[in-house]
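Asker: One file is attached below, query-v4.cif, containing mmCIF, C-alpha atoms.
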data_model
#
loop_
_atom_site.group_PDB
_atom_site.id
_atom_site.type_symbol
_atom_site.label_atom_id
_atom_site.label_comp_id
_atom_site.auth_asym_id
_atom_site.auth_seq_id
_atom_site.Cartn_x
_atom_site.Cartn_y
_atom_site.Cartn_z
ATOM 1 C CA MET A 592 -91.943 65.229 71.669
ATOM 2 C CA GLU A 593 -88.234 64.803 72.442
ATOM 3 C CA GLU A 594 -85.876 66.285 69.891
ATOM 4 C CA THR A 595 -83.541 63.719 68.363
ATOM 5 C CA ASN A 596 -79.943 64.425 67.546
ATOM 6 C CA THR A 597 -78.935 63.788 63.971
ATOM 7 C CA GLN A 598 -75.202 64.337 64.231
ATOM 8 C CA GLY A 599 -74.366 62.242 67.297
ATOM 9 C CA THR A 600 -73.221 63.057 70.799
ATOM 10 C CA ILE A 601 -70.281 65.285 71.630
ATOM 11 C CA LEU A 602 -68.633 65.668 75.029
ATOM 12 C CA ILE A 603 -67.152 69.144 75.435
ATOM 13 C CA VAL A 604 -64.506 69.333 78.149
ATOM 14 C CA GLU A 605 -63.541 72.950 78.816
ATOM 15 C CA ASP A 606 -62.846 74.814 82.057
ATOM 16 C CA GLY A 607 -63.801 78.229 80.652
ATOM 17 C CA PRO A 608 -67.548 78.618 81.270
ATOM 18 C CA ASP A 609 -68.075 81.159 78.470
ATOM 19 C CA LEU A 610 -66.343 79.039 75.822
ATOM 20 C CA ARG A 611 -68.013 75.881 77.138
ATOM 21 C CA THR A 612 -71.438 77.518 76.753
ATOM 22 C CA LEU A 613 -70.611 78.910 73.311
ATOM 23 C CA LEU A 614 -69.421 75.529 72.028
ATOM 24 C CA ALA A 615 -72.455 73.785 73.510
ATOM 25 C CA ASP A 616 -74.792 76.250 71.796
ATOM 26 C CA VAL A 617 -72.981 75.913 68.469
ATOM 27 C CA PHE A 618 -73.033 72.110 68.464
ATOM 28 C CA GLU A 619 -76.651 71.949 69.623
ATOM 29 C CA GLY A 620 -77.452 74.245 66.698
ATOM 30 C CA GLU A 621 -75.643 71.791 64.417
ATOM 31 C CA GLY A 622 -77.887 68.951 65.626
ATOM 32 C CA TYR A 623 -75.625 67.306 68.204
ATOM 33 C CA LYS A 624 -76.565 66.061 71.623
ATOM 34 C CA VAL A 625 -74.112 67.959 73.830
ATOM 35 C CA LEU A 626 -72.645 66.867 77.147
ATOM 36 C CA ILE A 627 -70.337 69.210 79.046
ATOM 37 C CA ALA A 628 -67.643 68.871 81.674
ATOM 38 C CA ALA A 629 -65.357 71.437 83.313
ATOM 39 C CA ASN A 630 -62.370 69.072 83.557
ATOM 40 C CA GLY A 631 -61.188 65.576 82.703
ATOM 41 C CA LYS A 632 -62.390 64.042 85.952
ATOM 42 C CA GLU A 633 -65.950 65.235 85.306
ATOM 43 C CA ALA A 634 -65.678 63.943 81.744
ATOM 44 C CA LEU A 635 -64.700 60.456 82.918
ATOM 45 C CA ARG A 636 -67.692 60.399 85.266
ATOM 46 C CA ILE A 637 -69.945 61.266 82.313
ATOM 47 C CA LEU A 638 -68.334 58.534 80.207
ATOM 48 C CA ASP A 639 -69.239 56.010 82.921
ATOM 49 C CA PHE A 640 -72.907 56.273 81.939
ATOM 50 C CA GLN A 641 -73.118 58.092 78.584
ATOM 51 C CA VAL A 642 -72.162 57.000 75.077
ATOM 52 C CA VAL A 643 -70.400 59.694 73.069
ATOM 53 C CA ASP A 644 -69.202 59.897 69.481
ATOM 54 C CA VAL A 645 -66.501 62.578 69.895
ATOM 55 C CA ILE A 646 -64.678 64.280 72.752
ATOM 56 C CA LEU A 647 -63.560 67.901 72.298
ATOM 57 C CA THR A 648 -61.184 68.842 75.108
ATOM 58 C CA ASP A 649 -59.009 71.637 76.356
ATOM 59 C CA PHE A 650 -55.418 70.757 77.310
ATOM 60 C CA ARG A 651 -54.809 72.696 80.528
ATOM 61 C CA MET A 652 -57.593 72.424 83.091
ATOM 62 C CA PRO A 653 -57.709 72.154 86.871
ATOM 63 C CA ILE A 654 -58.128 68.731 88.501
ATOM 64 C CA MET A 655 -57.462 66.748 85.280
ATOM 65 C CA GLY A 656 -56.255 68.132 81.975
ATOM 66 C CA GLY A 657 -56.912 66.986 78.442
ATOM 67 C CA LEU A 658 -53.762 64.880 78.077
ATOM 68 C CA ILE A 659 -54.559 62.664 81.088
ATOM 69 C CA LEU A 660 -58.182 62.482 79.923
ATOM 70 C CA GLY A 661 -57.097 61.410 76.441
ATOM 71 C CA GLN A 662 -54.628 58.856 77.784
ATOM 72 C CA THR A 663 -57.280 57.414 80.097
ATOM 73 C CA VAL A 664 -59.842 57.190 77.287
ATOM 74 C CA LYS A 665 -57.364 55.459 74.957
ATOM 75 C CA ALA A 666 -56.341 53.012 77.702
ATOM 76 C CA GLU A 667 -59.908 51.782 78.286
ATOM 77 C CA THR A 668 -61.185 49.167 75.859
ATOM 78 C CA ARG A 669 -64.769 50.418 75.979
ATOM 79 C CA LEU A 670 -63.710 54.017 75.228
ATOM 80 C CA LYS A 671 -60.613 53.832 73.032
ATOM 81 C CA HIS A 672 -62.651 54.043 69.809
ATOM 82 C CA ILE A 673 -63.828 57.575 70.656
ATOM 83 C CA PRO A 674 -61.958 60.286 68.727
ATOM 84 C CA VAL A 675 -60.493 62.943 71.029
ATOM 85 C CA ILE A 676 -59.918 66.398 69.559
ATOM 86 C CA LEU A 677 -57.681 68.860 71.348
ATOM 87 C CA LEU A 678 -58.727 72.525 71.408
ATOM 88 C CA SER A 679 -56.073 74.474 73.278
ATOM 89 C CA ALA A 680 -54.394 77.838 73.685
ATOM 90 C CA THR A 681 -51.144 75.969 74.357
ATOM 91 C CA PRO A 682 -49.007 76.058 71.201
ATOM 92 C CA MET A 683 -48.261 72.460 70.139
ATOM 93 C CA ALA A 684 -47.840 72.615 66.379
ATOM 94 C CA ASP A 685 -45.111 69.968 66.321
ATOM 95 C CA THR A 686 -45.835 67.977 69.480
ATOM 96 C CA TRP A 687 -49.546 67.169 69.754
ATOM 97 C CA GLU A 688 -49.288 64.051 67.567
ATOM 98 C CA LYS A 689 -46.494 62.632 69.736
ATOM 99 C CA PHE A 690 -48.970 62.150 72.573
ATOM 100 C CA GLY A 691 -50.731 59.517 70.466
ATOM 101 C CA VAL A 692 -54.193 60.219 71.854
ATOM 102 C CA PHE A 693 -55.589 63.118 69.844
ATOM 103 C CA GLN A 694 -57.355 62.822 66.504
ATOM 104 C CA ASP A 695 -56.784 66.489 65.756
ATOM 105 C CA TYR A 696 -55.508 69.715 67.288
ATOM 106 C CA LEU A 697 -56.974 73.186 66.990
ATOM 107 C CA TRP A 698 -55.291 76.222 68.468
ATOM 108 C CA LYS A 699 -57.521 78.697 70.327
ATOM 109 C CA PRO A 700 -59.019 80.867 69.167
ATOM 110 C CA ALA A 701 -59.981 78.573 66.310
ATOM 111 C CA PRO A 702 -62.793 79.612 63.966
ATOM 112 C CA LEU A 703 -66.039 77.854 64.858
ATOM 113 C CA GLU A 704 -66.275 76.503 61.307
ATOM 114 C CA ASP A 705 -62.903 74.750 61.769
ATOM 115 C CA ILE A 706 -63.999 73.223 65.074
ATOM 116 C CA ILE A 707 -67.238 71.921 63.561
ATOM 117 C CA GLU A 708 -65.365 70.512 60.556
ATOM 118 C CA ALA A 709 -62.772 68.805 62.777
ATOM 119 C CA VAL A 710 -65.552 67.106 64.749
ATOM 120 C CA ARG A 711 -67.330 65.981 61.580
ATOM 121 C CA LEU A 712 -64.127 64.607 60.078
ATOM 122 C CA ALA A 713 -63.259 62.801 63.293
ATOM 123 C CA GLN A 714 -66.641 61.109 63.186
ATOM 124 C CA THR A 715 -66.189 60.194 59.524
ATOM 125 C CA HIS A 716 -62.655 58.885 59.909
ATOM 126 C CA GLY A 717 -63.173 57.300 63.307
ATOM 127 C CA ASN A 718 -60.142 56.957 65.491
ATOM 128 C CA GLY A 719 -57.663 56.196 62.752
ATOM 129 C CA GLY A 720 -54.871 58.340 64.122
ATOM 130 C CA ALA A 721 -54.049 61.978 63.931
ATOM 131 C CA GLN A 722 -55.610 63.872 61.056
ATOM 132 C CA ARG A 723 -54.233 67.421 61.486
ATOM 133 C CA LEU A 724 -57.324 68.835 59.867
ATOM 134 C CA ALA A 725 -57.316 72.433 61.040
ATOM 135 C CA SER A 726 -54.835 75.005 62.259
#
As structure tokens - that is how I would like this structure written.

Answerer:
Amino acid sequence: MEETNTQGTILIVEDGPDLRTLLADVFEGEGYKVLIAANGKEALRILDFQVVDVILTDFRMPIMGGLILGQTVKAETRLKHIPVILLSATPMADTWEKFGVFQDYLWKPAPLEDIIEAVRLAQTHGNGGAQRLAS
């Protein structure tokens, strides 16, 4: 019997294979269906044929970073409702909201509990603008 996800589907976009695997394992353990991509271009290909509830993305990645991914998602009518959460080692305490595409920002290394909570809150609050839920 196929296991059903109870929390929804998350797309994790992260170029670091170890962190990508860790996050995938954590969210699968939380009951999510997990899709993974190593950069924004791969993520957009996934979004061509998969429905997701939340995107968790790194900022700096080869090929296509998180900002271009977020801007592309928000520019497409069929995708703009998807909350995009930024998880980055790039300090952006006062600038991440100015981009206008991210629901929340977490600075690496963020505690796993904060990442999970940010994803849950993004799902609850939809795409109603920046939340600044975790530090």

Asker: Which residues are near Asp639 of chain A? Cut-off 12 Å, all atoms listed in the file, ignore same chain within fewer than 5 positions. Put them as a list of chain:residue names.

Answerer: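 Counting only the stated atoms, we get A:Lys632, A:Glu633, A:Ala634, A:Val664, A:Glu667, A:Arg669, A:Leu670.
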
Asker: Using only C-alpha atoms, please write the residues we just selected to a file, as a tab-separated table (two decimals), in the coordinates of the input.

Answerer:
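Saved the output as out-v9.tsv:
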chain	number	residue	atom	x	y	z
A	632	LYS	CA	-62.39	64.04	85.95
A	633	GLU	CA	-65.95	65.24	85.31
A	634	ALA	CA	-65.68	63.94	81.74
A	664	VAL	CA	-59.84	57.19	77.29
A	667	GLU	CA	-59.91	51.78	78.29
A	669	ARG	CA	-64.77	50.42	75.98
A	670	LEU	CA	-63.71	54.02	75.23

Asker: Go through A:Ile707, A:Val604, A:Leu660, A:Ala701 and flag the residue nearest Phe618 of chain A, using only C-alpha atoms for the distances.

Answerer: A:Ile707

Asker: What is the atom CA of Glu621 of chain A to atom CA of Leu635 of chain A distance in Å?

Answerer: 24.3 Å

Asker: A:Leu614, A:Val625, A:Thr600, A:Ile676: which is nearest Glu704 of chain A, counting all atoms listed in the file?

Answerer: A:Leu614

Asker: Please measure the separation of atom CA of Gly631 of chain A and atom CA of Gly656 of chain A, giving the value in Å to one decimal.

Answerer: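 Interatomic distance, atom CA of Gly631 of chain A to atom CA of Gly656 of chain A: 5.6 Å.
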
Asker: One number please: atom CA of Trp698 of chain A to atom CA of Phe650 of chain A, in Å, one decimal.

Answerer: 10.4 Å

Asker: Identify which of the residues A:Met652, A:Leu638, A:Leu658, A:Leu610 lies closest to Pro700 of chain A, counting all atoms listed in the file when measuring atom-to-atom distances.

Answerer: A:Leu610

Asker: Using the chain letters and numbers from the file, which residues does the PyMOL selection byres ((chain A and resi 680) around 6) grab, as a list in words?

Answerer: Ser679, Thr681, Trp698 and Lys699 of chain A

Asker: With only C-alpha atoms as the counted atoms, please give the residues lying no more than 10 Å from Gly607 of chain A, apart from itself and same-chain residues fewer than 2 positions off, as a ChimeraX atom specification.

Answerer: /A:604-605,609-612,629-630,649,652
